Amino acid sequence: MNGQAHGDPLVINLLIEEWGVKRILMDIGISVEVLFYDTFKRMELYDKILIPSTYQIYGFNGTVSVPKGEVTLRVSNGEGYLDMLTTFCIVDVVSPYEAILGRPWIAGIKGVASAYHQRLRFPSYKGVVEVLGDPQAALQCMQLDIQQNKE
């Protein structure tokens with residue numbers, strides 16, 4: 001908010017296997033959790049830990065991506081309120097985001113993701129926890145996405 005358009009995507013920061021992942025898109029329209037291969041490699045993970053996947057991912061524009069595989073990793077908020085094993089689909093495509101968390105993950109934490117309010121909220125043993133969106137990261141990702149699509 002603070003001058004931000006209410007239509008900006010919700011982009012948050014979380015830890016994946018203790019690695020600070022800064023550009024995670026929260027997308028209630030996607031039915032799989034995605035970790036982009038570039039991020040996977042930067043996390044110093046190796047292809048040999050990937051489990052073969054049996055499906056394809058269809059993008060909004062009709063493109064088909066064949067996943068490199070799947071891997072289960074720990075996602076946390078670094079404050080002890082969120083600690084969840086998550087199976088990610090590893091996709092080798094260019095993206096301004098480092099990961100995408102979708103409908104299954106959000107439902108798994110009993111969360112509510114609001115792009116309008118730029119917040120992810122979920123219950124914990126100490127009450128409702130809020131993870132704030134990163135409006136600067138959202139803007140950078142939107143600009144990169146536009147630039148990549150022009151190329």
# chains A, B, ... in the order shown; residues from 1 in each chain; ligands from 1
>>> select_by_dssp(residues="chain A", states="helix (DSSP H, G or I)", output="VMD selection string")
chain A and resid 37 to 42 47 to 49 103 to 108 135 to 150
>>> closest_atom_pairs(of="segment 112-138 of chain A", to="segment 82-106 of chain A", cutoff="10 Å", atoms="only C-alpha atoms", output="tab-separated table")
residue	atom	partner	partner_atom	distance
A:Val112	CA	A:Ile106	CA	6.8
A:Ala113	CA	A:Ile106	CA	7.4
A:Leu120	CA	A:Ile106	CA	8.8
A:Arg121	CA	A:Ile106	CA	9.4
A:Phe122	CA	A:Ile106	CA	8.6
A:Pro123	CA	A:Leu82	CA	9.4
A:Ser124	CA	A:Leu82	CA	7.6
A:Tyr125	CA	A:Leu82	CA	9.9
A:Val129	CA	A:Leu82	CA	8.9
A:Ala137	CA	A:Tyr97	CA	9.1
A:Ala138	CA	A:Tyr97	CA	9.1
>>> write_last_selection(atoms="N, CA, C and O atoms", output="PDB file, in the first residue's frame")
ATOM      1  N   VAL A 112      -4.420 -17.460   4.453  1.00  0.00           N
ATOM      2  CA  VAL A 112      -5.142 -16.566   3.555  1.00  0.00           C
ATOM      3  C   VAL A 112      -4.090 -15.636   2.949  1.00  0.00           C
ATOM      4  O   VAL A 112      -3.368 -14.947   3.669  1.00  0.00           O
ATOM      5  N   ALA A 113      -3.997 -15.665   1.626  1.00  0.00           N
ATOM      6  CA  ALA A 113      -3.069 -14.795   0.917  1.00  0.00           C
ATOM      7  C   ALA A 113      -3.871 -13.690   0.247  1.00  0.00           C
ATOM      8  O   ALA A 113      -4.768 -13.964  -0.541  1.00  0.00           O
ATOM      9  N   LEU A 120       0.145 -12.381   3.929  1.00  0.00           N
ATOM     10  CA  LEU A 120      -0.184 -13.785   4.094  1.00  0.00           C
ATOM     11  C   LEU A 120      -0.441 -13.962   5.578  1.00  0.00           C
ATOM     12  O   LEU A 120       0.391 -13.584   6.398  1.00  0.00           O
ATOM     13  N   ARG A 121      -1.621 -14.490   5.923  1.00  0.00           N
ATOM     14  CA  ARG A 121      -1.969 -14.703   7.332  1.00  0.00           C
ATOM     15  C   ARG A 121      -2.293 -16.169   7.532  1.00  0.00           C
ATOM     16  O   ARG A 121      -2.917 -16.793   6.686  1.00  0.00           O
ATOM     17  N   PHE A 122      -1.859 -16.713   8.680  1.00  0.00           N
ATOM     18  CA  PHE A 122      -2.142 -18.104   9.007  1.00  0.00           C
ATOM     19  C   PHE A 122      -2.128 -18.282  10.523  1.00  0.00           C
ATOM     20  O   PHE A 122      -1.451 -17.553  11.238  1.00  0.00           O
ATOM     21  N   PRO A 123      -2.902 -19.254  11.003  1.00  0.00           N
ATOM     22  CA  PRO A 123      -2.934 -19.494  12.446  1.00  0.00           C
ATOM     23  C   PRO A 123      -1.688 -20.240  12.909  1.00  0.00           C
ATOM     24  O   PRO A 123      -1.114 -21.037  12.166  1.00  0.00           O
ATOM     25  N   SER A 124      -1.286 -19.974  14.144  1.00  0.00           N
ATOM     26  CA  SER A 124      -0.176 -20.703  14.761  1.00  0.00           C
ATOM     27  C   SER A 124      -0.542 -20.936  16.222  1.00  0.00           C
ATOM     28  O   SER A 124      -1.568 -20.460  16.708  1.00  0.00           O
ATOM     29  N   TYR A 125       0.315 -21.631  16.918  1.00  0.00           N
ATOM     30  CA  TYR A 125       0.068 -21.896  18.336  1.00  0.00           C
ATOM     31  C   TYR A 125       0.100 -20.626  19.178  1.00  0.00           C
ATOM     32  O   TYR A 125      -0.358 -20.624  20.319  1.00  0.00           O
ATOM     33  N   VAL A 129      -0.457 -15.305  12.590  1.00  0.00           N
ATOM     34  CA  VAL A 129       0.837 -14.773  12.156  1.00  0.00           C
ATOM     35  C   VAL A 129       0.634 -14.104  10.801  1.00  0.00           C
ATOM     36  O   VAL A 129      -0.137 -14.573   9.964  1.00  0.00           O
ATOM     37  N   ALA A 137      10.022  -5.793  -4.156  1.00  0.00           N
ATOM     38  CA  ALA A 137      10.297  -7.028  -4.896  1.00  0.00           C
ATOM     39  C   ALA A 137       9.200  -7.280  -5.925  1.00  0.00           C
ATOM     40  O   ALA A 137       9.491  -7.693  -7.055  1.00  0.00           O
ATOM     41  N   ALA A 138       7.947  -7.017  -5.562  1.00  0.00           N
ATOM     42  CA  ALA A 138       6.834  -7.212  -6.499  1.00  0.00           C
ATOM     43  C   ALA A 138       7.008  -6.318  -7.717  1.00  0.00           C
ATOM     44  O   ALA A 138       6.840  -6.765  -8.863  1.00  0.00           O
TER      45      ALA A 138
END
>>> atom_distance(atom1="atom CA of Gly59 of chain A", atom2="atom CA of Glu17 of chain A")
26.7 Å
>>> atom_distance(atom1="atom CA of Ser76 of chain A", atom2="atom CA of Ile16 of chain A")
6.5 Å
>>> select_by_dssp(residues="chain A", states="strand (DSSP E)", output="PyMOL selection string")
chain A and resi 10-16+19-27+34-36+57-58+64-65+69-76+83-91+99-102+112-114+119-124+127-132
>>> residues_around(residues="Val11 of chain A", least_positions_apart="3", cutoff="7 Å", atoms="only C-alpha atoms", output="JSON, numbers by chain")
{"A": [23, 24, 25, 26, 133, 134, 137, 138]}
>>> residues_around(residues="Gly78 of chain A", least_positions_apart="4", cutoff="8 Å", atoms="only C-alpha atoms", output="mmCIF file with N, CA and C atoms, in the first residue's frame")
data_model
loop_
_atom_site.group_PDB
_atom_site.id
_atom_site.type_symbol
_atom_site.label_atom_id
_atom_site.label_comp_id
_atom_site.auth_asym_id
_atom_site.auth_seq_id
_atom_site.Cartn_x
_atom_site.Cartn_y
_atom_site.Cartn_z
ATOM 1 N N LEU A 14 10.601 -16.003 2.507
ATOM 2 C CA LEU A 14 10.576 -17.094 3.487
ATOM 3 C C LEU A 14 11.911 -17.832 3.410
ATOM 4 N N LEU A 15 12.103 -18.759 4.311
ATOM 5 C CA LEU A 15 13.275 -19.626 4.271
ATOM 6 C C LEU A 15 12.880 -20.959 3.649
ATOM 7 N N GLU A 18 16.543 -23.230 5.138
ATOM 8 C CA GLU A 18 17.400 -22.211 5.768
ATOM 9 C C GLU A 18 17.992 -21.214 4.768
ATOM 10 N N LEU A 82 6.157 -21.123 11.513
ATOM 11 C CA LEU A 82 5.871 -21.861 10.296
ATOM 12 C C LEU A 82 7.027 -22.805 10.035
#
